Each structure stands twice: as C-alpha cells, then as structure tokens.
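File shown: structure-v2.cif. Contents: mmCIF, C-alpha atoms and all ligand atoms.
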data_final
loop_
_atom_site.group_PDB
_atom_site.id
_atom_site.type_symbol
_atom_site.label_atom_id
_atom_site.label_comp_id
_atom_site.auth_asym_id
_atom_site.auth_seq_id
_atom_site.Cartn_x
_atom_site.Cartn_y
_atom_site.Cartn_z
ATOM 1 C CA MET F 1 156.012 113.674 174.501
ATOM 2 C CA GLU F 2 158.171 114.177 177.586
ATOM 3 C CA ALA F 3 161.301 111.937 177.779
ATOM 4 C CA LEU F 4 161.427 109.447 180.625
ATOM 5 C CA VAL F 5 164.107 110.695 183.052
ATOM 6 C CA LEU F 6 165.661 108.035 185.246
ATOM 7 C CA ILE F 7 167.660 108.750 188.360
ATOM 8 C CA THR F 8 171.427 108.262 187.847
ATOM 9 C CA LEU F 9 173.421 105.915 190.066
ATOM 10 C CA VAL F 10 176.749 107.485 191.082
ATOM 11 C CA LEU F 11 179.633 105.769 192.890
ATOM 12 C CA ALA F 12 181.540 108.337 194.977
ATOM 13 C CA SER F 13 184.731 106.288 195.156
ATOM 14 C CA ALA F 14 188.205 105.894 193.688
ATOM 15 C CA SER F 15 188.309 102.258 194.779
ATOM 16 C CA PRO F 16 188.692 99.893 191.791
ATOM 17 C CA ARG F 17 187.206 97.129 193.963
ATOM 18 C CA ARG F 18 183.949 99.016 194.561
ATOM 19 C CA ARG F 19 183.716 99.799 190.835
ATOM 20 C CA GLU F 20 184.299 96.131 189.967
ATOM 21 C CA ILE F 21 181.611 94.988 192.408
ATOM 22 C CA LEU F 22 178.981 97.231 190.771
ATOM 23 C CA SER F 23 180.034 96.539 187.180
ATOM 24 C CA GLY F 24 180.130 92.805 187.947
ATOM 25 C CA LEU F 25 176.428 93.106 188.756
ATOM 26 C CA GLY F 26 175.742 94.694 185.372
ATOM 27 C CA LEU F 27 174.654 97.981 186.960
ATOM 28 C CA SER F 28 174.774 101.186 184.974
ATOM 29 C CA PHE F 29 176.520 103.903 187.018
ATOM 30 C CA LYS F 30 178.901 106.867 186.907
ATOM 31 C CA VAL F 31 182.070 107.113 189.008
ATOM 32 C CA ILE F 32 183.004 110.407 190.702
ATOM 33 C CA PRO F 33 185.706 109.966 193.380
ATOM 34 C CA SER F 34 185.391 112.103 196.504
ATOM 35 C CA THR F 35 188.273 114.152 197.837
ATOM 36 C CA ILE F 36 187.384 114.325 201.542
ATOM 37 C CA ASP F 37 189.979 114.200 204.318
ATOM 38 C CA GLU F 38 189.637 110.715 205.869
ATOM 39 C CA GLN F 39 191.442 111.777 209.062
ATOM 40 C CA MET F 40 188.426 113.684 210.397
ATOM 41 C CA ALA F 41 186.597 110.671 211.926
ATOM 42 C CA GLN F 42 189.648 108.897 213.399
ATOM 43 C CA SER F 43 188.594 109.254 217.050
ATOM 44 C CA LEU F 44 185.135 107.665 216.662
ATOM 45 C CA PRO F 45 184.273 103.997 217.397
ATOM 46 C CA PRO F 46 184.675 101.957 214.165
ATOM 47 C CA GLY F 47 180.966 101.626 213.310
ATOM 48 C CA GLU F 48 180.377 105.375 213.628
ATOM 49 C CA MET F 49 183.649 106.142 211.881
ATOM 50 C CA VAL F 50 182.892 104.142 208.710
ATOM 51 C CA GLU F 51 179.350 105.525 208.607
ATOM 52 C CA GLN F 52 180.483 109.131 208.959
ATOM 53 C CA LEU F 53 183.183 108.743 206.299
ATOM 54 C CA ALA F 54 180.829 106.944 203.895
ATOM 55 C CA LEU F 55 178.257 109.729 204.325
ATOM 56 C CA CYS F 56 180.825 112.505 203.858
ATOM 57 C CA LYS F 57 182.108 110.863 200.666
ATOM 58 C CA ALA F 58 178.575 110.541 199.256
ATOM 59 C CA GLU F 59 177.494 114.064 200.290
ATOM 60 C CA SER F 60 180.618 115.740 198.905
ATOM 61 C CA VAL F 61 179.997 114.182 195.478
ATOM 62 C CA ALA F 62 176.200 114.652 195.641
ATOM 63 C CA ARG F 63 176.702 118.440 195.617
ATOM 64 C CA SER F 64 177.570 118.267 191.929
ATOM 65 C CA CYS F 65 174.908 115.707 190.918
ATOM 66 C CA LYS F 66 171.310 116.361 189.883
ATOM 67 C CA TYR F 67 168.636 113.667 190.204
ATOM 68 C CA SER F 68 171.088 111.042 191.410
ATOM 69 C CA LEU F 69 171.483 108.286 193.950
ATOM 70 C CA VAL F 70 175.041 108.657 195.213
ATOM 71 C CA ILE F 71 176.857 105.774 196.928
ATOM 72 C CA GLY F 72 179.658 106.395 199.437
ATOM 73 C CA ALA F 73 181.556 103.679 201.316
ATOM 74 C CA ASP F 74 184.379 103.268 203.781
ATOM 75 C CA THR F 75 186.172 100.146 205.031
ATOM 76 C CA VAL F 76 188.439 99.472 208.005
ATOM 77 C CA VAL F 77 189.861 96.382 209.679
ATOM 78 C CA VAL F 78 189.493 96.110 213.466
ATOM 79 C CA LEU F 79 191.747 93.937 215.642
ATOM 80 C CA ASP F 80 191.508 93.945 219.449
ATOM 81 C CA GLY F 81 189.407 97.112 219.193
ATOM 82 C CA GLU F 82 192.115 98.905 217.212
ATOM 83 C CA VAL F 83 191.327 100.329 213.775
ATOM 84 C CA LEU F 84 193.715 99.387 210.957
ATOM 85 C CA GLY F 85 193.335 101.484 207.816
ATOM 86 C CA LYS F 86 195.504 101.453 204.701
ATOM 87 C CA PRO F 87 199.264 101.049 205.366
ATOM 88 C CA ALA F 88 201.438 104.136 204.913
ATOM 89 C CA ASP F 89 204.452 102.066 203.834
ATOM 90 C CA ARG F 90 205.955 98.549 203.701
ATOM 91 C CA ARG F 91 206.875 98.592 207.385
ATOM 92 C CA GLU F 92 203.321 99.374 208.411
ATOM 93 C CA ALA F 93 201.973 96.687 206.036
ATOM 94 C CA TYR F 94 204.365 94.144 207.593
ATOM 95 C CA ALA F 95 203.320 95.124 211.122
ATOM 96 C CA MET F 96 199.619 94.811 210.270
ATOM 97 C CA LEU F 97 199.973 91.411 208.577
ATOM 98 C CA GLU F 98 202.141 90.121 211.425
ATOM 99 C CA ARG F 99 199.355 91.026 213.837
ATOM 100 C CA LEU F 100 196.474 89.731 211.702
ATOM 101 C CA GLN F 101 198.003 86.346 210.744
ATOM 102 C CA GLY F 102 196.675 83.317 212.626
ATOM 103 C CA ARG F 103 193.875 85.336 214.211
ATOM 104 C CA THR F 104 190.308 86.549 213.675
ATOM 105 C CA HIS F 105 189.512 90.213 213.018
ATOM 106 C CA GLN F 106 186.469 92.242 211.973
ATOM 107 C CA VAL F 107 185.983 94.199 208.772
ATOM 108 C CA TYR F 108 183.648 97.185 209.110
ATOM 109 C CA SER F 109 182.246 98.758 205.941
ATOM 110 C CA GLY F 110 180.004 101.809 206.080
ATOM 111 C CA LEU F 111 177.599 102.453 203.236
ATOM 112 C CA ALA F 112 175.770 105.716 202.506
ATOM 113 C CA LEU F 113 173.113 106.545 199.935
ATOM 114 C CA VAL F 114 172.393 110.200 199.232
ATOM 115 C CA GLU F 115 169.597 111.202 196.864
ATOM 116 C CA THR F 116 169.444 114.518 195.039
ATOM 117 C CA ASP F 117 166.455 116.059 193.293
ATOM 118 C CA LYS F 118 166.200 117.626 189.832
ATOM 119 C CA SER F 119 167.650 120.918 191.087
ATOM 120 C CA GLY F 120 170.626 119.152 192.696
ATOM 121 C CA GLN F 121 169.464 119.530 196.317
ATOM 122 C CA ILE F 122 170.027 116.630 198.723
ATOM 123 C CA CYS F 123 166.546 115.338 199.536
ATOM 124 C CA ARG F 124 167.242 112.040 201.342
ATOM 125 C CA ARG F 125 170.134 110.227 202.987
ATOM 126 C CA SER F 126 170.652 106.834 204.555
ATOM 127 C CA VAL F 127 173.728 105.348 206.208
ATOM 128 C CA ARG F 128 174.450 101.937 207.769
ATOM 129 C CA HIS F 129 177.345 99.562 208.301
ATOM 130 C CA ARG F 130 177.998 95.822 208.315
ATOM 131 C CA ILE F 131 180.621 93.781 210.147
ATOM 132 C CA THR F 132 182.246 90.616 208.747
ATOM 133 C CA ARG F 133 184.534 88.390 210.821
ATOM 134 C CA VAL F 134 187.608 87.160 208.930
ATOM 135 C CA HIS F 135 189.717 84.184 210.084
ATOM 136 C CA MET F 136 193.337 84.355 208.878
ATOM 137 C CA ARG F 137 195.678 81.379 208.564
ATOM 138 C CA PRO F 138 199.177 81.782 209.990
ATOM 139 C CA MET F 139 201.704 83.518 207.698
ATOM 140 C CA ASN F 140 205.465 83.152 208.149
ATOM 141 C CA PRO F 141 207.855 86.120 207.711
ATOM 142 C CA ASP F 142 208.853 85.011 204.170
ATOM 143 C CA GLU F 143 205.203 84.826 203.130
ATOM 144 C CA ILE F 144 204.531 88.290 204.539
ATOM 145 C CA GLU F 145 207.573 89.737 202.696
ATOM 146 C CA TRP F 146 206.563 87.985 199.462
ATOM 147 C CA TYR F 147 202.998 89.280 199.757
ATOM 148 C CA ILE F 148 204.140 92.868 200.337
ATOM 149 C CA ASP F 149 206.454 92.577 197.288
ATOM 150 C CA THR F 150 203.375 91.929 195.131
ATOM 151 C CA ASN F 151 202.195 95.444 196.132
ATOM 152 C CA GLU F 152 198.652 94.157 196.669
ATOM 153 C CA PRO F 153 198.542 95.175 200.371
ATOM 154 C CA MET F 154 199.497 98.816 199.838
ATOM 155 C CA ASP F 155 196.100 100.398 199.052
ATOM 156 C CA LYS F 156 193.915 98.174 201.198
ATOM 157 C CA ALA F 157 192.561 98.404 204.726
ATOM 158 C CA GLY F 158 194.425 95.921 206.953
ATOM 159 C CA SER F 159 197.046 95.424 204.174
ATOM 160 C CA TYR F 160 195.328 92.537 202.404
ATOM 161 C CA GLY F 161 192.777 91.866 199.681
ATOM 162 C CA ILE F 162 190.434 88.923 200.210
ATOM 163 C CA GLN F 163 189.588 89.062 196.487
ATOM 164 C CA GLY F 164 193.228 88.658 195.434
ATOM 165 C CA LEU F 165 196.391 86.931 196.639
ATOM 166 C CA GLY F 166 195.278 87.668 200.193
ATOM 167 C CA SER F 167 192.857 84.786 199.754
ATOM 168 C CA PHE F 168 195.844 82.433 200.252
ATOM 169 C CA TRP F 169 195.614 83.270 203.922
ATOM 170 C CA VAL F 170 191.869 83.764 204.515
ATOM 171 C CA ALA F 171 190.680 80.525 206.097
ATOM 172 C CA GLY F 172 187.058 81.608 206.310
ATOM 173 C CA ILE F 173 184.617 84.400 207.059
ATOM 174 C CA ASP F 174 181.409 84.891 209.031
ATOM 175 C CA GLY F 175 179.151 87.342 207.255
ATOM 176 C CA CYS F 176 179.047 89.183 203.957
ATOM 177 C CA TYR F 177 181.964 88.663 201.508
ATOM 178 C CA THR F 178 181.443 91.855 199.480
ATOM 179 C CA ASN F 179 181.482 93.803 202.753
ATOM 180 C CA VAL F 180 185.143 92.745 203.142
ATOM 181 C CA VAL F 181 185.961 93.840 199.576
ATOM 182 C CA GLY F 182 184.534 97.284 200.437
ATOM 183 C CA LEU F 183 180.840 97.455 199.554
ATOM 184 C CA SER F 184 178.191 95.068 200.822
ATOM 185 C CA VAL F 185 175.874 94.231 197.914
ATOM 186 C CA PRO F 186 172.954 92.908 200.017
ATOM 187 C CA LEU F 187 173.165 96.009 202.237
ATOM 188 C CA LEU F 188 173.143 98.261 199.157
ATOM 189 C CA TYR F 189 170.106 96.391 197.842
ATOM 190 C CA GLU F 190 168.258 96.769 201.165
ATOM 191 C CA MET F 191 169.101 100.447 201.593
ATOM 192 C CA ALA F 192 168.052 101.313 198.028
ATOM 193 C CA ARG F 193 164.806 99.372 198.516
ATOM 194 C CA ASP F 194 164.086 101.175 201.793
ATOM 195 C CA MET F 195 164.486 104.499 199.933
ATOM 196 C CA GLY F 196 161.974 103.355 197.320
ATOM 197 C CA HIS F 197 164.451 102.299 194.593
ATOM 198 C CA SER F 198 165.175 98.895 193.131
ATOM 199 C CA LEU F 199 168.738 98.002 192.109
ATOM 200 C CA ILE F 200 167.147 95.859 189.412
ATOM 201 C CA ASP F 201 166.097 99.097 187.645
ATOM 202 C CA PHE F 202 169.784 100.051 187.291
ATOM 203 C CA THR F 203 170.827 96.810 185.577
ATOM 204 C CA GLU F 204 171.780 97.223 181.926
ATOM 205 C CA SER F 205 169.843 94.247 180.560
HETATM 206 C C1 LIG F 301 189.938 94.236 203.823
HETATM 207 C C2 LIG F 301 189.957 94.639 202.375
HETATM 208 C C3 LIG F 301 189.950 95.962 201.979
HETATM 209 N N1 LIG F 301 189.974 96.302 200.645
HETATM 210 C C4 LIG F 301 189.990 97.710 200.193
HETATM 211 C C5 LIG F 301 188.610 98.303 199.903
HETATM 212 C C6 LIG F 301 188.903 99.786 199.896
HETATM 213 O O1 LIG F 301 189.256 100.178 198.567
HETATM 214 C C7 LIG F 301 190.127 99.904 200.822
HETATM 215 C C8 LIG F 301 189.783 100.672 202.091
HETATM 216 O O2 LIG F 301 189.926 102.047 201.850
HETATM 217 P P1 LIG F 301 188.729 103.105 201.814
HETATM 218 O O3 LIG F 301 189.258 104.349 202.441
HETATM 219 O O4 LIG F 301 187.471 102.510 202.370
HETATM 220 O O5 LIG F 301 188.471 103.349 200.256
HETATM 221 P P2 LIG F 301 189.448 103.906 199.138
HETATM 222 O O6 LIG F 301 190.345 104.991 199.672
HETATM 223 O O7 LIG F 301 190.120 102.736 198.458
HETATM 224 O O8 LIG F 301 188.416 104.511 198.087
HETATM 225 P P3 LIG F 301 187.358 105.736 198.315
HETATM 226 O O9 LIG F 301 187.622 106.385 199.639
HETATM 227 O O10 LIG F 301 187.586 106.665 197.165
HETATM 228 O O11 LIG F 301 186.004 105.065 198.246
HETATM 229 O O12 LIG F 301 190.543 98.581 201.158
HETATM 230 C C9 LIG F 301 189.998 95.298 199.677
HETATM 231 O O13 LIG F 301 190.024 95.600 198.472
HETATM 232 N N2 LIG F 301 189.966 93.986 200.058
HETATM 233 C C10 LIG F 301 189.956 93.601 201.353
HETATM 234 O O14 LIG F 301 189.949 92.372 201.624
#
Show me, as structure tokens, the structure contained in the file I just sent.
Amino acid sequence: MEALVLITLVLASASPRRREILSGLGLSFKVIPSTIDEQMAQSLPPGEMVEQLALCKAESVARSCKYSLVIGADTVVVLDGEVLGKPADRREAYAMLERLQGRTHQVYSGLALVETDKSGQICRRSVRHRITRVHMRPMNPDEIEWYIDTNEPMDKAGSYGIQGLGSFWVAGIDGCYTNVVGLSVPLLYEMARDMGHSLIDFTES
C-alpha cells in the first residue's frame, strides 16, 4: 500500500516571533531561514516592498524544498510615508522611538506562500500584505533609554516589539495584532485556503 504523503509546511524565516506564532497554533512545520539581501526592494512603496521581500524569501527557500508550502514574510513600520526597518544601532533605535512615541503609525507585513511539487518545482505562488495602525503612548527620554537597554528594540522593525516590553507604550491598534508581530494569522489562513489548503490539516492534534 502506498504511504500517504502530506505536503510539508516550511517557514522561510529566522524570526523567532514568526516561529512562535506558528508553534503557538500547534502547527507542524520546518524552519529554513532565507539569506536574501533585504536592500533590493528599498525604493518601492511599502506595500509592494513587503510583498516583494516576502516572495523573495519564500522563493529562495522553496528551491530546496520538495512538495512543500513555503511561507515568507516581511515587516516594516511606516511613519509619515517613511519606511522604518530594523535599527542599525542604539542611536537609530532612539531616533525611531522618539519619532514614534505619542503618535500613530502603520505596520505593513507582506506574506507569501510558494508551493512546490514532488520534483521540487515551484508550481504556485501567492503574495499579499496587511496594514495595522498602531497608536503609541508618549515616551520620555529616560523610558526610551531604559527600553533600548533591554535590547528588545534591536532586531525589530520600528525598534519595538508589541508582544514584549514595547506593549508598555502601545495604547491600541486598529487591525490585525499578529500582523504587527510579523505574520498575520488570518491572512495566512485565507491565502492557504485560496490555494486549496487548510491550515487545520497542519495542526498536530
Ligand atoms: C513592529 C514589530 C516588529 N517585530 C519584528 C518582526 C520581524 O522579526 C522584524 C522585522 O524584520 P523582518 O526583516 O521582517 O524579519 P526578520 O529579519 O526578523 O526575519 P526573516 O527575514 O528571516 O523572516 O520585526 C516584532 O517582533 N514586533 C513588533 O511589534
């Protein structure tokens, strides 16, 4: 009797937050970080930029995966039309937080799904993005310095983590919470469904 072969879910990301989101759902998946150069899409408008980067991450990993559904994602913070990525150093983190505090910004997260067949060829791809508005409470200079000292801001778009100590200063959001953390779960569910897959089939129970 032939064994039942199920498509493998692969997360093309080094982000611990994206991994935690998927494992928190009880999904069974592999993690293969991508090594693409994120500078290549810098001149695009934010929606196109996060989509292109998410797709490149997923496609670059998909090349080494047979019969898989590969997830790529990219997140940026946008304030006054300007894209804020991850800070290069403490000074940049301080400058970003000083600008974001007391104001509302948008978080754009692109999400790509790339499917490969049994011979490892890419057979289908889908890419979309979601925007969440985030309202920040005012932060004083001592609070900004203290927050940077925790190191939490250093590997995150916009220099804060809504899921961590950054939540001290997030007064509220309009839109999807997991989109701010880096991977919108309802968007992933919808995109998988539209490609003929159900996320429920990847749960471990
Ligand atoms: C705004 C915000 C961003 N982030 C994180 C999510 C992403 O990990 C990071 C944005 O950087 P990305 O370049 O999107 O992702 P990454 O470099 O961490 O991982 P990879 O490219 O391998 O997928 O910022 C939070 O964790 N919380 C937040 O509130």
Legend entry - Environment of ligand LIG 301 (chain F) within 6 Å, counting all atoms listed in the file, reported as an MDAnalysis selection string: chainID F and resid 13:15 17 33:34 73:75 156:158 160:162 180:182
Restrict the selected residues to C-alpha atoms and save them as a CSV table (one decimal), in the frame of the given file.
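File part.csv, as written:
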chain,number,residue,atom,x,y,z
F,13,SER,CA,184.7,106.3,195.2
F,14,ALA,CA,188.2,105.9,193.7
F,15,SER,CA,188.3,102.3,194.8
F,17,ARG,CA,187.2,97.1,194.0
F,33,PRO,CA,185.7,110.0,193.4
F,34,SER,CA,185.4,112.1,196.5
F,73,ALA,CA,181.6,103.7,201.3
F,74,ASP,CA,184.4,103.3,203.8
F,75,THR,CA,186.2,100.1,205.0
F,156,LYS,CA,193.9,98.2,201.2
F,157,ALA,CA,192.6,98.4,204.7
F,158,GLY,CA,194.4,95.9,207.0
F,160,TYR,CA,195.3,92.5,202.4
F,161,GLY,CA,192.8,91.9,199.7
F,162,ILE,CA,190.4,88.9,200.2
F,180,VAL,CA,185.1,92.7,203.1
F,181,VAL,CA,186.0,93.8,199.6
F,182,GLY,CA,184.5,97.3,200.4
Inset, instruction - Report the residues retrieved by the PyMOL selection byres (((chain F and resi 171) around 10) and not hetatm) from the displayed file, expressed as an NGL selection string. - result: :F and (102-104 or 134-138 or 167-170 or 172-173)
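Proximity to region 116-120 of chain F at 6 Å, evaluated using all atoms listed in the file and with sequence-adjacent residues fewer than 4 positions away removed, yields Cys65, Lys66, Tyr67 and Ser68 of chain F.
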Inset, instruction - Report as a list in words the residues that result from applying the PyMOL selection byres (((chain F and resi 99) around 12) and not hetatm) to the structure here. - result: Val77, Val78, Leu79, Asp80, Glu82, Leu84, Glu92, Ala93, Tyr94, Ala95, Met96, Leu97, Glu98, Leu100, Gln101, Gly102, Arg103, Thr104, His105, Met136, Arg137, Pro138, Met139, Asn140, Pro141, Ile144, Gly158 and Ser159 of chain F
Running the PyMOL selection byres (((chain F and resi 72) around 10) and not hetatm) on this model by hand, what would come out? Give it as a PDB file with C-alpha atoms, in the frame of the given file.
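Wrote it out as part.pdb, contents follow:
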ATOM      1  CA  VAL F  10     176.749 107.485 191.082  1.00  0.00           C
ATOM      2  CA  LEU F  11     179.633 105.769 192.890  1.00  0.00           C
ATOM      3  CA  ALA F  12     181.540 108.337 194.977  1.00  0.00           C
ATOM      4  CA  SER F  13     184.731 106.288 195.156  1.00  0.00           C
ATOM      5  CA  ARG F  18     183.949  99.016 194.561  1.00  0.00           C
ATOM      6  CA  PRO F  33     185.706 109.966 193.380  1.00  0.00           C
ATOM      7  CA  SER F  34     185.391 112.103 196.504  1.00  0.00           C
ATOM      8  CA  GLU F  51     179.350 105.525 208.607  1.00  0.00           C
ATOM      9  CA  GLN F  52     180.483 109.131 208.959  1.00  0.00           C
ATOM     10  CA  LEU F  53     183.183 108.743 206.299  1.00  0.00           C
ATOM     11  CA  ALA F  54     180.829 106.944 203.895  1.00  0.00           C
ATOM     12  CA  LEU F  55     178.257 109.729 204.325  1.00  0.00           C
ATOM     13  CA  CYS F  56     180.825 112.505 203.858  1.00  0.00           C
ATOM     14  CA  LYS F  57     182.108 110.863 200.666  1.00  0.00           C
ATOM     15  CA  ALA F  58     178.575 110.541 199.256  1.00  0.00           C
ATOM     16  CA  GLU F  59     177.494 114.064 200.290  1.00  0.00           C
ATOM     17  CA  SER F  60     180.618 115.740 198.905  1.00  0.00           C
ATOM     18  CA  VAL F  61     179.997 114.182 195.478  1.00  0.00           C
ATOM     19  CA  ALA F  62     176.200 114.652 195.641  1.00  0.00           C
ATOM     20  CA  VAL F  70     175.041 108.657 195.213  1.00  0.00           C
ATOM     21  CA  ILE F  71     176.857 105.774 196.928  1.00  0.00           C
ATOM     22  CA  ALA F  73     181.556 103.679 201.316  1.00  0.00           C
ATOM     23  CA  ASP F  74     184.379 103.268 203.781  1.00  0.00           C
ATOM     24  CA  GLY F 110     180.004 101.809 206.080  1.00  0.00           C
ATOM     25  CA  LEU F 111     177.599 102.453 203.236  1.00  0.00           C
ATOM     26  CA  ALA F 112     175.770 105.716 202.506  1.00  0.00           C
ATOM     27  CA  LEU F 113     173.113 106.545 199.935  1.00  0.00           C
ATOM     28  CA  VAL F 114     172.393 110.200 199.232  1.00  0.00           C
ATOM     29  CA  VAL F 127     173.728 105.348 206.208  1.00  0.00           C
ATOM     30  CA  LEU F 183     180.840  97.455 199.554  1.00  0.00           C
TER      31      LEU F 183
END
Inset, instruction - Using all atoms listed in the file, determine which residues lie at most 7 Å from Pro46 (chain F), disregarding the query and same-chain residues fewer than 3 positions distant; provide the list as an MDAnalysis selection string. - result: chainID F and resid 49:50 83
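Note that the spacing between CA of Asp174 (chain F) and CA of Arg130 (chain F) amounts to 11.5 Å.
Among the candidates F:Cys176, F:Leu69, F:Leu188, F:Leu25, the one nearest to Arg124 (chain F) when counting all atoms listed in the file is F:Leu69.
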Legend entry - Of the listed residues F:Ile32, F:Val107, F:Met154, F:Met40, that which approaches Ala88 (chain F) most closely, counting only C-alpha atoms: F:Met154
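Using only C-alpha atoms, the smallest distance between any of F:Gly24, F:Gly166, F:Pro153, F:Pro16 and Pro87 (chain F) comes from F:Pro153.
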